[in-house]
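Trainee: The structure file work17.csv (CSV, C-alpha atoms) is provided below.
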chain,number,residue,atom,x,y,z
K,13,MET,CA,-8.0,19.1,-6.6
K,14,SER,CA,-8.6,19.7,-2.9
K,15,PRO,CA,-6.2,21.3,-0.4
K,16,THR,CA,-2.8,19.8,-0.9
K,17,THR,CA,-0.9,19.8,2.4
K,18,LEU,CA,-1.3,17.9,5.6
K,19,SER,CA,1.3,19.6,7.6
K,20,PRO,CA,3.1,22.8,6.6
K,21,THR,CA,6.0,21.8,8.9
K,22,VAL,CA,7.0,18.7,6.9
K,23,GLU,CA,10.0,19.7,4.9
K,24,ILE,CA,11.6,16.3,4.5
K,25,PRO,CA,12.3,15.7,0.8
K,26,LEU,CA,10.1,12.6,0.8
K,27,LEU,CA,9.6,12.6,-3.0
K,28,ARG,CA,13.4,12.6,-3.6
K,29,GLN,CA,13.7,9.5,-1.4
K,30,HIS,CA,11.1,7.6,-3.3
K,31,LEU,CA,12.0,8.3,-6.9
K,32,ARG,CA,13.5,5.2,-8.4
K,33,LYS,CA,14.1,4.5,-12.0
K,34,ALA,CA,13.2,0.8,-11.6
K,35,LEU,CA,9.8,2.0,-10.4
K,36,PHE,CA,9.0,4.1,-13.5
K,37,ILE,CA,6.7,3.0,-16.3
K,38,SER,CA,7.2,5.4,-19.2
K,39,GLU,CA,4.1,4.3,-21.0
K,40,LEU,CA,1.5,2.0,-19.6
K,41,ARG,CA,0.4,-0.9,-21.8
K,42,SER,CA,-2.9,-1.3,-19.9
K,43,LYS,CA,-5.9,0.8,-20.8
K,44,ARG,CA,-8.3,-0.1,-18.0
K,45,LYS,CA,-7.9,0.9,-14.3
K,46,SER,CA,-7.9,-2.6,-13.0
K,47,SER,CA,-5.1,-3.8,-15.3
K,48,VAL,CA,-3.2,-0.6,-14.8
K,49,LEU,CA,-3.0,-1.3,-11.1
K,50,GLU,CA,-1.9,-4.8,-11.9
K,51,GLU,CA,0.8,-3.6,-14.2
K,52,MET,CA,2.1,-1.1,-11.6
K,53,VAL,CA,2.2,-3.7,-8.8
K,54,ALA,CA,4.0,-6.1,-11.1
K,55,VAL,CA,6.8,-3.5,-11.3
K,56,LEU,CA,7.1,-3.6,-7.5
K,57,ALA,CA,7.7,-7.3,-7.8
K,58,THR,CA,10.3,-6.9,-10.6
K,59,ALA,CA,12.1,-4.4,-8.4
K,60,ASP,CA,12.0,-6.8,-5.5
K,61,VAL,CA,9.9,-4.5,-3.3
K,62,THR,CA,7.6,-7.5,-2.8
K,63,ARG,CA,7.6,-11.2,-3.6
K,64,HIS,CA,3.9,-11.4,-3.3
K,65,PRO,CA,2.4,-9.0,-5.9
K,66,GLU,CA,-1.1,-10.7,-5.8
K,67,GLY,CA,-1.5,-9.9,-2.1
K,68,VAL,CA,-0.3,-6.3,-2.6
K,69,LEU,CA,-2.7,-5.9,-5.5
K,70,ASP,CA,-5.6,-7.1,-3.3
K,71,ALA,CA,-4.7,-4.4,-0.8
K,72,VAL,CA,-4.6,-1.7,-3.5
K,73,ARG,CA,-7.9,-2.8,-5.0
K,74,ARG,CA,-9.6,-2.9,-1.6
K,75,ARG,CA,-8.5,0.7,-1.0
K,76,GLU,CA,-9.7,1.6,-4.4
K,77,ALA,CA,-13.1,0.0,-3.7
K,78,LEU,CA,-13.6,2.5,-0.9
K,79,GLY,CA,-13.5,5.4,-3.4
K,80,SER,CA,-11.5,6.3,-6.4
K,81,THR,CA,-8.0,7.7,-5.9
K,82,GLY,CA,-8.4,9.6,-9.1
K,83,LEU,CA,-8.0,13.2,-8.0
K,84,GLY,CA,-8.9,14.9,-11.3
K,85,LYS,CA,-6.7,17.0,-13.7
K,86,GLY,CA,-5.4,13.7,-15.1
K,87,ILE,CA,-3.8,12.6,-11.8
K,88,ALA,CA,-4.4,9.4,-9.8
K,89,VAL,CA,-2.6,8.4,-6.6
K,90,PRO,CA,-3.7,4.9,-5.6
K,91,HIS,CA,-2.2,4.0,-2.3
K,92,ALA,CA,-2.4,1.1,0.2
K,93,ARG,CA,-0.6,-0.4,3.1
K,94,SER,CA,0.2,-4.1,3.0
K,95,THR,CA,1.8,-6.7,5.2
K,96,LEU,CA,3.6,-7.9,2.1
K,97,ILE,CA,5.5,-4.7,1.7
K,98,THR,CA,8.6,-4.1,3.8
K,99,GLU,CA,9.6,-0.7,2.5
K,100,ARG,CA,7.6,2.3,1.5
K,101,SER,CA,7.7,2.7,-2.3
K,102,MET,CA,6.2,4.6,-5.1
K,103,VAL,CA,5.6,3.6,-8.8
K,104,ILE,CA,5.2,6.4,-11.3
K,105,ALA,CA,3.4,5.6,-14.6
K,106,ARG,CA,2.3,7.6,-17.6
K,107,SER,CA,-0.4,7.0,-20.1
K,108,SER,CA,-0.6,9.2,-23.1
K,109,LYS,CA,-4.1,8.1,-24.0
K,110,GLY,CA,-5.4,8.3,-20.5
K,111,ILE,CA,-7.2,5.9,-18.2
K,112,ASP,CA,-10.7,6.2,-16.8
K,113,PHE,CA,-9.9,6.2,-13.1
K,114,GLY,CA,-13.3,7.5,-12.0
K,115,SER,CA,-12.0,10.9,-11.2
K,116,PRO,CA,-14.5,13.5,-10.0
K,117,ASP,CA,-13.9,15.7,-13.0
K,118,GLY,CA,-14.2,12.8,-15.5
K,119,ILE,CA,-10.8,13.7,-17.1
K,120,PRO,CA,-8.8,10.6,-18.0
K,121,THR,CA,-5.7,9.9,-15.9
K,122,ASN,CA,-2.4,10.4,-17.6
K,123,LEU,CA,-0.2,10.4,-14.6
K,124,CYS,CA,-0.5,7.7,-11.9
K,125,PHE,CA,1.5,7.5,-8.7
K,126,LEU,CA,1.1,4.2,-6.8
K,127,ILE,CA,2.2,4.4,-3.2
K,128,VAL,CA,2.6,1.3,-1.0
K,129,ALA,CA,3.8,1.0,2.5
K,130,PRO,CA,4.0,-1.5,5.3
K,131,PRO,CA,1.2,-1.3,7.9
K,132,LEU,CA,3.2,0.5,10.7
K,133,GLU,CA,1.2,1.9,13.5
K,134,LYS,CA,2.6,5.4,13.4
K,135,ASP,CA,3.6,6.3,9.9
K,136,PRO,CA,2.7,9.9,9.2
K,137,VAL,CA,5.2,9.7,6.3
K,138,TYR,CA,2.9,7.5,4.3
K,139,LEU,CA,0.1,10.1,3.9
K,140,ASN,CA,2.6,13.0,3.9
K,141,LEU,CA,4.2,11.4,0.8
K,142,VAL,CA,0.8,11.2,-0.8
K,143,ALA,CA,0.3,14.9,0.1
K,144,GLU,CA,3.7,15.8,-1.3
K,145,ILE,CA,2.9,14.2,-4.7
K,146,VAL,CA,-0.5,16.0,-4.8
K,147,ARG,CA,1.2,19.3,-4.1
K,148,ALA,CA,4.0,18.7,-6.6
K,149,VAL,CA,1.7,18.1,-9.5
K,150,ARG,CA,-0.8,20.8,-8.7
K,151,LEU,CA,0.4,23.0,-11.6
K,152,ALA,CA,-0.6,22.2,-15.2
K,153,LYS,CA,2.9,23.1,-16.4
K,154,THR,CA,4.5,20.5,-14.1
K,155,ARG,CA,2.1,17.8,-15.2
K,156,GLN,CA,2.8,18.7,-18.9
K,157,ARG,CA,6.6,18.6,-18.3
K,158,ILE,CA,6.3,15.2,-16.7
K,159,LEU,CA,4.2,13.8,-19.5
K,160,GLU,CA,6.6,15.1,-22.1
K,161,ALA,CA,9.8,14.2,-20.3
K,162,PRO,CA,12.1,12.0,-22.5
K,163,ASP,CA,13.4,9.9,-19.6
K,164,PHE,CA,13.1,9.2,-15.9
K,165,GLY,CA,15.9,11.6,-15.0
K,166,THR,CA,13.8,14.5,-16.4
K,167,VAL,CA,10.7,13.3,-14.6
K,168,ARG,CA,12.7,13.1,-11.4
K,169,ARG,CA,14.1,16.6,-11.7
K,170,THR,CA,10.7,18.1,-12.6
K,171,LEU,CA,9.1,16.5,-9.5
K,172,ILE,CA,11.8,17.5,-7.2
K,173,GLU,CA,11.8,21.1,-8.4
K,174,ALA,CA,8.0,21.2,-8.2
K,175,ALA,CA,8.0,19.8,-4.7
K,176,ASN,CA,10.5,22.5,-3.6
K,177,GLU,CA,8.6,25.4,-5.2
D,21,MET,CA,4.9,-25.5,5.3
D,22,ASN,CA,2.1,-27.4,3.6
D,23,ASP,CA,-0.6,-26.0,1.2
D,24,THR,CA,-3.3,-25.7,3.9
D,25,THR,CA,-0.9,-23.7,6.1
D,26,ALA,CA,0.2,-21.4,3.3
D,27,GLU,CA,-3.4,-20.8,2.3
D,28,SER,CA,-4.5,-20.0,5.8
D,29,LEU,CA,-1.5,-17.7,6.3
D,30,ASP,CA,-2.2,-15.9,3.0
D,31,THR,CA,-5.8,-15.3,4.1
D,32,LEU,CA,-4.7,-14.1,7.5
D,33,ILE,CA,-2.3,-11.7,5.9
D,34,GLN,CA,-5.2,-10.3,3.8
D,35,LEU,CA,-7.3,-10.1,7.0
D,36,GLN,CA,-4.6,-8.1,8.7
D,37,ASP,CA,-4.4,-5.7,5.7
D,38,VAL,CA,-8.2,-5.2,5.9
D,39,ASP,CA,-8.0,-4.5,9.6
D,40,CYS,CA,-5.3,-1.9,8.9
D,41,LEU,CA,-7.5,-0.2,6.3
D,42,LEU,CA,-10.5,-0.4,8.6
D,43,ARG,CA,-8.6,1.3,11.4
D,44,GLU,CA,-7.4,4.0,9.1
D,45,MET,CA,-10.9,4.7,7.8
D,46,ARG,CA,-12.4,4.7,11.2
D,47,ASP,CA,-9.7,7.0,12.6
D,48,PRO,CA,-11.2,10.5,12.3
D,49,GLU,CA,-7.8,12.1,11.8
D,50,MET,CA,-6.6,9.7,9.0
D,51,SER,CA,-9.9,9.6,7.2
D,52,SER,CA,-10.1,13.4,7.4
D,53,GLN,CA,-6.6,13.6,5.9
D,54,GLU,CA,-7.6,11.4,3.0
D,55,GLU,CA,-10.6,13.6,2.3
D,56,LYS,CA,-8.5,16.8,2.6
D,57,LEU,CA,-6.3,15.4,-0.1
D,58,GLY,CA,-9.3,14.9,-2.3
D,59,PHE,CA,-9.8,11.1,-2.0
D,60,ALA,CA,-13.3,9.7,-1.8
D,61,VAL,CA,-13.8,7.4,1.2
D,62,GLU,CA,-17.0,5.4,1.3
D,63,GLY,CA,-18.2,1.8,1.3
D,64,ILE,CA,-16.7,0.8,4.7
D,65,SER,CA,-19.6,-1.6,5.2
D,66,ASN,CA,-18.4,-3.6,2.2
D,67,LEU,CA,-15.0,-3.7,3.7
D,68,GLU,CA,-16.5,-5.0,6.9
D,69,ARG,CA,-18.2,-7.8,5.0
D,70,THR,CA,-14.9,-8.6,3.3
D,71,ARG,CA,-13.4,-8.9,6.8
D,72,GLU,CA,-16.1,-11.3,7.9
D,73,ARG,CA,-15.6,-13.4,4.8
D,74,LEU,CA,-11.9,-13.6,5.2
D,75,ALA,CA,-12.2,-14.4,9.0
D,76,SER,CA,-14.5,-17.3,8.1
D,77,GLN,CA,-11.8,-18.8,5.9
D,78,VAL,CA,-9.1,-18.9,8.6
D,79,GLU,CA,-9.0,-22.0,10.8
D,80,ASP,CA,-10.4,-21.3,14.2
D,81,ARG,CA,-7.3,-21.7,16.4
D,82,LEU,CA,-5.2,-19.5,14.2
D,83,LEU,CA,-7.9,-16.8,14.0
D,84,GLN,CA,-8.3,-16.9,17.8
D,85,THR,CA,-4.5,-16.4,18.2
D,86,TYR,CA,-4.6,-13.5,15.7
D,87,GLU,CA,-7.6,-11.8,17.4
D,88,ARG,CA,-6.1,-12.2,20.8
D,89,MET,CA,-2.7,-10.8,19.7
D,90,SER,CA,-4.2,-8.0,17.7
D,91,ARG,CA,-5.3,-6.4,20.9
D,92,ARG,CA,-1.7,-6.2,21.9
D,93,PHE,CA,0.1,-5.6,18.6
D,94,PHE,CA,-0.8,-3.4,15.6
D,95,ARG,CA,0.8,-6.0,13.4
D,96,VAL,CA,0.4,-9.6,14.4
D,97,ILE,CA,1.9,-11.1,11.2
D,98,VAL,CA,5.3,-9.8,10.4
D,99,PRO,CA,8.1,-10.8,7.9
D,100,VAL,CA,11.3,-12.4,9.0
D,101,ASN,CA,14.3,-10.5,7.8
D,102,GLY,CA,17.1,-13.0,7.8
D,103,ARG,CA,16.7,-14.5,11.2
D,104,VAL,CA,15.2,-11.3,12.8
D,105,CYS,CA,11.6,-10.9,13.7
D,106,SER,CA,10.6,-7.5,12.1
D,107,GLY,CA,8.0,-7.0,14.9
D,108,CYS,CA,10.3,-7.0,17.9
D,109,ARG,CA,13.7,-6.8,16.1
D,110,ILE,CA,15.0,-9.8,18.1
D,111,SER,CA,17.1,-12.4,16.4
D,112,LEU,CA,15.3,-15.7,16.5
D,113,PRO,CA,17.3,-18.4,18.2
D,114,THR,CA,15.1,-21.2,16.9
D,115,ASN,CA,11.6,-21.1,15.5
D,116,SER,CA,8.7,-22.0,17.7
D,117,ILE,CA,6.3,-24.1,15.7
D,118,GLY,CA,2.6,-24.2,16.3
D,119,ARG,CA,0.7,-27.2,15.0
D,120,ASN,CA,-3.0,-27.6,14.5
D,121,SER,CA,-5.0,-30.9,14.4
D,122,GLU,CA,-4.4,-31.3,10.7
D,123,GLY,CA,-0.7,-31.0,11.0
D,124,ALA,CA,-0.5,-27.5,9.6
D,125,THR,CA,2.4,-25.5,11.0
D,126,TYR,CA,3.0,-21.9,11.7
D,127,GLU,CA,6.1,-20.1,12.9
D,128,PHE,CA,5.9,-17.8,15.9
D,129,CYS,CA,8.5,-15.4,17.3
D,130,GLU,CA,9.8,-16.9,20.5
D,131,ASN,CA,10.3,-13.4,21.9
D,132,CYS,CA,7.1,-11.5,21.1
D,133,GLY,CA,4.8,-14.3,19.9
D,134,ARG,CA,4.0,-12.7,16.6
D,135,ILE,CA,3.1,-14.9,13.6
D,136,LEU,CA,6.0,-14.9,11.2
D,137,TYR,CA,6.0,-15.2,7.4
D,138,ARG,CA,9.0,-15.7,5.2
D,139,ARG,CA,9.6,-13.2,2.5
Translate the structure described by the file into structure tokens.

Mentor:
Amino acid sequence: MSPTTLSPTVEIPLLRQHLRKALFISELRSKRKSSVLEEMVAVLATADVTRHPEGVLDAVRRREALGSTGLGKGIAVPHARSTLITERSMVIARSSKGIDFGSPDGIPTNLCFLIVAPPLEKDPVYLNLVAEIVRAVRLAKTRQRILEAPDFGTVRRTLIEAANE
Amino acid sequence: MNDTTAESLDTLIQLQDVDCLLREMRDPEMSSQEEKLGFAVEGISNLERTRERLASQVEDRLLQTYERMSRRFFRVIVPVNGRVCSGCRISLPTNSIGRNSEGATYEFCENCGRILYRR
């Protein structure tokens, strides 16, 4: 993975604010990237983050079409801003079999973090959140603990600890 | 709101999202941040073609309004939260209704003029 911080001065616990049990998929049903994105956006609708999942999915797919958000090492962080989103949110999903996300190292994605946000003019938090995720999962032991976590609470604790390291 | 109106508004919302993404990708600071994080960014010309396609699907008057207002506002289309325009945060006394030749209607914020959509 590439450098993992945008601004060393950002100490706001962004991750903690965006970890919600309702936005956690313990095991993805989908096997292909396109349907994985659909499954993750559907969770946003179920959790009432949006009432227009189709439009949000369009925005996510358009961003993905610019270049894969698969970062390598089994991690993908698809992200998009959409008019149909009113609050910044993050969906976490696991896939034990892995998904071909078109990552540069060719390794299937086991951990996927979907970040969506409204299109606000000045929102450094949006990319800083992406950066915080990337930083939190940089270590193999963290990724392994997340993949093996029995429940969302353990995933949450692991990510918060890793973000604070 | 009739079907034509809803469809045109949906397309306009997509257009706004594409414009937002285009601004990000053309912004040296933001695109550089994306690349620093390890994300590939390419194929902007395809996105520009998507914008052209979407713009061609929006009725002329609504598109003109959007283009004119997008020079003033980052977000032209905004959700209504309760009775509050989420663009200017002003409570809407009544809704101003714009009507095109086919009878399609759109809601505008009476204070800032932004195009409104209901969540």

Trainee: Counting all atoms listed in the file, a student should be able to say which residues of chain D come within 6 Å of chain K; what is the right answer, written as a PDB file with C-alpha atoms, keeping the file's coordinate frame?

Mentor:
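Output file selection.pdb is given in full below:
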ATOM      1  CA  ASP D  37      -4.400  -5.700   5.700  1.00  0.00           C
ATOM      2  CA  LYS D  56      -8.500  16.800   2.600  1.00  0.00           C
ATOM      3  CA  LEU D  57      -6.300  15.400  -0.100  1.00  0.00           C
ATOM      4  CA  GLY D  58      -9.300  14.900  -2.300  1.00  0.00           C
ATOM      5  CA  PHE D  59      -9.800  11.100  -2.000  1.00  0.00           C
ATOM      6  CA  ALA D  60     -13.300   9.700  -1.800  1.00  0.00           C
ATOM      7  CA  VAL D  61     -13.800   7.400   1.200  1.00  0.00           C
ATOM      8  CA  GLU D  62     -17.000   5.400   1.300  1.00  0.00           C
ATOM      9  CA  GLY D  63     -18.200   1.800   1.300  1.00  0.00           C
TER      10      GLY D  63
END

Trainee: Any idea what's packed within 12 Å of Gly102 (chain D), counting only C-alpha atoms, ignoring anything in its chain fewer than 3 positions away? Could you give it as a ChimeraX atom specification?

Mentor: /D:99,105-106,109-113,136-139

Trainee: Hey, which of D:Gly133, D:Val104, D:Leu35, D:Ala26 ends up closest to Glu68 (chain D)? Count only C-alpha atoms.

Mentor: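 Using only C-alpha atoms, Glu68 (chain D) sits closest to D:Leu35.
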
Trainee: When you draw a straight line from CA of Leu69 (chain K) to CA of Cys40 (chain D), how long is it in Å?

Mentor: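 Separation of CA of Leu69 (chain K) and CA of Cys40 (chain D): 15.2 Å.
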
Trainee: Please, what distance in Å, to one decimal, runs between CA of Ala175 (chain K) and CA of Glu55 (chain D)?

Mentor: 20.8 Å

Trainee: For the atom pair CA of Leu123 (chain K) and CA of Ile87 (chain K), what is the interatomic distance in Å to one decimal place?

Mentor: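 Between these atoms lies a distance of 5.1 Å.
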
Trainee: I'd like the contact shell of region 28-33 of chain K - 7 Å cut-off, only C-alpha atoms, skipping same-chain residues fewer than 4 positions apart - returned as a list in words.

Mentor: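 Near region 28-33 of chain K, the qualifying residues are Ser101, Met102, Phe164, Arg168 and Ile172 of chain K.
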
Trainee: Pick out the closest residue to Val72 (chain K) from this set: K:Lys153, K:Lys45, K:Lys85, K:His91. Count all atoms listed in the file.

Mentor: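 Comparing K:Lys153, K:Lys45, K:Lys85, K:His91 against Val72 (chain K), the winner is K:His91.
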
Trainee: For region 103-110 of chain K, list every protein, DNA or RNA residue within 6 Å, evaluated using only C-alpha atoms, and leave out those in the same chain fewer than 5 positions away; present the list as a PyMOL selection string.

Mentor: chain K and resi 35-40+120-126

Trainee: List as a PyMOL selection string the protein and nucleic acid residues near Met45 (chain D), meaning an atom at most 8 Å away when all atoms listed in the file are counted, but skip any in the same chain fewer than 4 places from it.

Mentor: chain D and resi 41+50-51+61+64
